[in-house]
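Q: Pasting a structure here, questions to come.
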Amino acid sequence: MVNLKGKPVELRVPSRMGYEKVAMGTAASVAKLMGFPDARIEDLKTAIAEACINAIEHGNRLNDNLCVGVTLSAHDDSLEVTVLDDGAGISKVPPKPDIDRKMHGEEDARGMGMFLIQSLVDEAEWVKAGNGKGSYVRLVIRLDKESD
Amino acid sequence: MVNLKGKPVELRVPSRMGYEKVAMGTAASVAKLMGFPDARIEDLKTAIAEACINAIEHGNRLNDNLCVGVTLSAHDDSLEVTVLDDGAGISKVPPKPDIDRKMHGEEDARGMGMFLIQSLVDEAEWVKAGNGKGSYVRLVIRLDKESD
Amino acid sequence: MQTETKANIDQIADGNGGRVTVLRFSGDISSGSHDALLGTYTTVSKSQPVLLDFSKVEYINSSGIALVIQMLMEANKNGQKIAAFGLTPHFQKVFTMVGITKYASLYQDEAAAKASI
Amino acid sequence: MQTETKANIDQIADGNGGRVTVLRFSGDISSGSHDALLGTYTTVSKSQPVLLDFSKVEYINSSGIALVIQMLMEANKNGQKIAAFGLTPHFQKVFTMVGITKYASLYQDEAAAKASI
Ligand SMILES: Nc1ncnc2c1ncn2[C@@H]1O[C@H](COP(=O)(O)OP(=O)(O)O)[C@@H](O)[C@H]1O
Ligand SMILES: Nc1ncnc2c1ncn2[C@@H]1O[C@H](COP(=O)(O)OP(=O)(O)O)[C@@H](O)[C@H]1O
């Protein structure tokens, strides 16, 4: 396989539910080109879908005049992804979802997206808006890491 | 299905052979979201691959500091695609490939990309660089049109 | 732009003289699936077990999983047994990660799910 | 970033006491496939028919098709019969559009291709 480095792939999709699937398709193609195993591509697709849904819903508040930006940077041994929105971002990652509390109505049934992102990729970091830039989540998925 | 119109999907990929597959993946996802039948999505994927390969090879001369731009605009009854490069573009579409001439060495074995693009989509138009903008090919694939 | 969720209700024999309801989903399981999941669940008999068939589902996201959890909450209140089958290995892993397997077992296929009920 | 093309050479019986060479490709058929296509073709016996197996090929572009045409040119010069099988309906259509079917017939599967030779 030839040199994978170089400029990142950049994608912009409208802030409308469903368009996360376009990000999934783009990311899956990049990961396949890099030689990721299928199971790891599935992990990446779900993580990117959840990140895009959050950017669409919470970051850009479903305003489809705003776009969600996705960059995919192929490094030698990893794929780095950022998902960018125009919102204020989040200060801290919410606690791990608790299925017992959910089942007893003590916790919202929702609230699993960020947990899934963290569980499915090798690194996940949320960065709040600043310096005229939007908020983003940065994900890293490593080529050597086997899906388990 | 809800309102499909709005901002286009935008993609930028480095000018390196293989990256046309990322454009195929993105385009396939948009077309699926719009409800195109699978056979028509295959047509679109091949047309976009050929357009991107030409932009990478002929337009940007494999200079991977340059990007190929792809926009995908979902209209009510069609998907409009542009594939943009930094080259001078082409003045006219080459003649239809002639398999007999190819088989007898009277014509280059290559030179089928633009013919395939024209054959696979409903509209294809090549626009030369101008006004500080790059060259692009504009493709339209209609939702009602059955693949044959 | 979200793909519709379809739900079909089947009644099958459990092999022991009893009946089992099978909810067969197709399309997406996402925030737009409220009626297809919770609406459909309200119409089924609460006195027999329910199997959830995900084998025709193409896409599931966390909002869709939240609706599955709400369905399990209802079933739990009714003391009704629920199991699921037809999830891809990836979504079996995802369902396991969020803990759903504590309240609904996941099976490879319909036969295995039916045998367990 | 191009996926490698792999080519395997099989010898099979034609069912009439003769032998047929089968070139089984996998990966991509693109500009990077020169050696896998034309290099492999130079090594096969020119005195028996050749079948091209595309059933494991994921991606074909026009530069790859040009290499297939060059292989057909060589075979034509050698008076060697070539047929292909395992193309998806989409690529059967594409091969037909460019006129390849005038010089090599396309078959659904290996059995049909072998029977025709
Ligand atoms: N991109 C974002 N911008 C602003 N807030 C966000 C963003 N992503 C997540 N959040 C906040 O974090 C919370 C938890 O997100 P998540 O775990 O994905 O679950 P859910 O989206 O179902 O609530 C969201 O409810 C929201 O308040
Ligand atoms: N984006 C482009 N920029 C500049 N020239 C182009 C572009 N696309 C096509 N061409 C020209 O048109 C010719 C025919 O293109 P095509 O039919 O795709 O076949 P091929 O790429 O195999 O030569 C190319 O050889 C090139 O000279």
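To be explicit about the labels: the chains of the structure tokens are called A, B, and onward in the order shown, and within each one the residues are counted from 1, while ligands get numbers from 1 in the order they are shown.
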Can you tell me which residues surround region 54-60 of chain D at a distance of at most 9 Å, considering only C-alpha atoms, apart from same-chain residues fewer than 2 positions away, and format the answer as a PDB file with C-alpha atoms, in the first residue's frame?
A:
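Once written, around.pdb looks like this:
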```
ATOM      1  CA  LYS B  21     -13.543   5.471  -3.969  1.00  0.00           C
ATOM      2  CA  THR B  46     -18.960   4.481 -11.781  1.00  0.00           C
TER       3      THR B  46
ATOM      4  CA  THR D   5      -4.953  -6.831  -7.832  1.00  0.00           C
ATOM      5  CA  LEU D  23      -7.426 -16.472 -14.412  1.00  0.00           C
ATOM      6  CA  ARG D  24      -9.057 -15.610 -11.109  1.00  0.00           C
ATOM      7  CA  PHE D  25      -8.750 -11.959 -10.184  1.00  0.00           C
ATOM      8  CA  SER D  26      -9.457 -10.303  -6.871  1.00  0.00           C
ATOM      9  CA  GLY D  27      -9.093  -6.772  -5.530  1.00  0.00           C
ATOM     10  CA  ASP D  28      -9.342  -3.877  -7.968  1.00  0.00           C
ATOM     11  CA  ILE D  29      -9.072  -3.828 -11.748  1.00  0.00           C
ATOM     12  CA  SER D  30      -7.589  -0.361 -12.293  1.00  0.00           C
ATOM     13  CA  LEU D  52     -11.444 -14.619 -16.763  1.00  0.00           C
ATOM     14  CA  SER D  62     -12.037   2.401 -17.248  1.00  0.00           C
ATOM     15  CA  SER D  63      -8.234   2.133 -16.956  1.00  0.00           C
ATOM     16  CA  GLY D  64      -8.704  -1.429 -15.768  1.00  0.00           C
ATOM     17  CA  ILE D  65     -11.077  -2.135 -18.647  1.00  0.00           C
ATOM     18  CA  ALA D  84     -15.376 -13.905 -18.807  1.00  0.00           C
ATOM     19  CA  PHE D  85     -17.676 -14.660 -15.891  1.00  0.00           C
ATOM     20  CA  GLY D  86     -18.574 -13.395 -12.453  1.00  0.00           C
ATOM     21  CA  LEU D  87     -19.169  -9.763 -13.384  1.00  0.00           C
ATOM     22  CA  THR D  88     -21.986  -8.016 -11.519  1.00  0.00           C
ATOM     23  CA  PHE D  91     -20.237  -4.328 -14.915  1.00  0.00           C
ATOM     24  CA  ASP D 109     -20.791 -18.255 -13.724  1.00  0.00           C
TER      25      ASP D 109
END
```
Q: Give the residues close to ligand 2, within 9 Å, counting only C-alpha atoms and all ligand atoms; write them as a PyMOL selection string.
A: (chain B and resi 50-61+83-97+108-117+126+128+135-137) or (chain D and resi 62-63+66)
Q: Which residues come within 8 Å of Asp14 (chain C), counting only C-alpha atoms, excluding same-chain residues fewer than 2 positions away, as a ChimeraX atom specification?
A: /C:12,16-20,114-115,117
Q: Can those selected residues be exported to a file as a PDB file, in the first residue's frame so that it contains C-alpha atoms?
A:
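Okay, this is what ended up in again35.pdb:
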```
ATOM      1  CA  ILE C  12     -46.045 -18.009  15.712  1.00  0.00           C
ATOM      2  CA  ASN C  16     -45.305 -26.110  23.267  1.00  0.00           C
ATOM      3  CA  GLY C  17     -48.902 -25.280  22.399  1.00  0.00           C
ATOM      4  CA  GLY C  18     -48.395 -21.591  23.223  1.00  0.00           C
ATOM      5  CA  ARG C  19     -48.115 -18.508  21.001  1.00  0.00           C
ATOM      6  CA  VAL C  20     -45.335 -15.999  20.565  1.00  0.00           C
ATOM      7  CA  LYS C 114     -38.022 -19.174  20.026  1.00  0.00           C
ATOM      8  CA  ALA C 115     -36.377 -22.148  21.729  1.00  0.00           C
ATOM      9  CA  ILE C 117     -38.715 -18.404  25.327  1.00  0.00           C
TER      10      ILE C 117
END
```
Q: With only C-alpha atoms and all ligand atoms as the atoms that count, which of A:Val81, A:Thr26, A:Asn131, A:Ala47 lies nearest to ligand 1?
A: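 Of A:Val81, A:Thr26, A:Asn131, A:Ala47, the one nearest ligand 1 is A:Ala47, counting only C-alpha atoms and all ligand atoms.
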Q: Run DSSP on the backbone and grab whatever in chain D lands in helix (DSSP H, G or I); send it over as a ChimeraX atom specification.
A: /D:31-43,62-77,89-98,100-102,110-116
Q: Considering only C-alpha atoms and all ligand atoms, state which residue in the set A:Ile99, A:Leu72, A:Leu79, A:Ala49 is at the smallest distance from ligand 1.
A: A:Ala49
Q: Please report, as a tab-separated table, each residue of chain B lying at most 10 Å from chain A, together with the nearest pair of atoms and the separation in Å rounded to one decimal; use only C-alpha atoms, and order rows by chain and ascending residue number.
A:
```
residue	atom	partner	partner_atom	distance
B:Asn3	CA	A:Arg16	CA	9.9
B:Leu4	CA	A:Arg16	CA	9.5
B:Lys5	CA	A:Pro14	CA	9.8
B:Gly6	CA	A:Asp64	CA	7.1
B:Lys7	CA	A:Pro14	CA	5.9
B:Pro8	CA	A:Val13	CA	7.1
B:Val9	CA	A:Val13	CA	4.8
B:Glu10	CA	A:Arg12	CA	5.0
B:Leu11	CA	A:Leu11	CA	4.4
B:Arg12	CA	A:Glu10	CA	5.0
B:Val13	CA	A:Val9	CA	4.8
B:Pro14	CA	A:Lys7	CA	5.8
B:Ser15	CA	A:Lys7	CA	9.1
B:Arg16	CA	A:Gly6	CA	9.4
B:Gly18	CA	A:Leu33	CA	7.4
B:Tyr19	CA	A:Val30	CA	7.9
B:Glu20	CA	A:Ser29	CA	9.6
B:Lys21	CA	A:Ser29	CA	6.5
B:Val22	CA	A:Ser29	CA	5.0
B:Ala23	CA	A:Thr26	CA	7.3
B:Met24	CA	A:Ser29	CA	8.2
B:Gly25	CA	A:Gly25	CA	5.1
B:Thr26	CA	A:Thr26	CA	4.7
B:Ala27	CA	A:Val22	CA	7.9
B:Ala28	CA	A:Gly25	CA	7.6
B:Ser29	CA	A:Val22	CA	5.0
B:Val30	CA	A:Val22	CA	5.9
B:Ala31	CA	A:Val22	CA	9.4
B:Lys32	CA	A:Val22	CA	9.2
B:Leu33	CA	A:Gly18	CA	7.4
B:Asp64	CA	A:Gly6	CA	7.1
B:Asn65	CA	A:Lys7	CA	6.9
B:Leu66	CA	A:Lys7	CA	8.5
B:Cys67	CA	A:Lys7	CA	8.0
B:Val68	CA	A:Val9	CA	9.8
B:Gly69	CA	A:Glu10	CA	9.3
B:Val70	CA	A:Leu11	CA	9.4
B:Thr71	CA	A:Arg12	CA	9.4
B:Leu72	CA	A:Val13	CA	9.7
```
Q: Identify, on the basis of only C-alpha atoms, every residue whose closest approach to region 34-47 of chain C does not exceed 7 Å; exclude the query and any residue fewer than 6 positions from it along the same chain; express the result as a list of chain:residue names.
A: C:Thr5, C:Lys6, C:Ala7, C:Leu67, C:Met71, C:Asn78, C:Gln80
Q: Using C-alpha atoms, can you export the residues from the last selection as a PDB file, in the first residue's frame?
A:
```pdb
ATOM      1  CA  THR C   5     -39.111   2.091  10.096  1.00  0.00           C
ATOM      2  CA  LYS C   6     -41.538  -0.672   9.209  1.00  0.00           C
ATOM      3  CA  ALA C   7     -42.931  -3.071  11.763  1.00  0.00           C
ATOM      4  CA  LEU C  67     -36.715   3.425  22.082  1.00  0.00           C
ATOM      5  CA  MET C  71     -40.148  -0.908  24.983  1.00  0.00           C
ATOM      6  CA  ASN C  78     -46.121  -6.079  32.277  1.00  0.00           C
ATOM      7  CA  GLN C  80     -43.592  -9.897  29.721  1.00  0.00           C
TER       8      GLN C  80
END
```
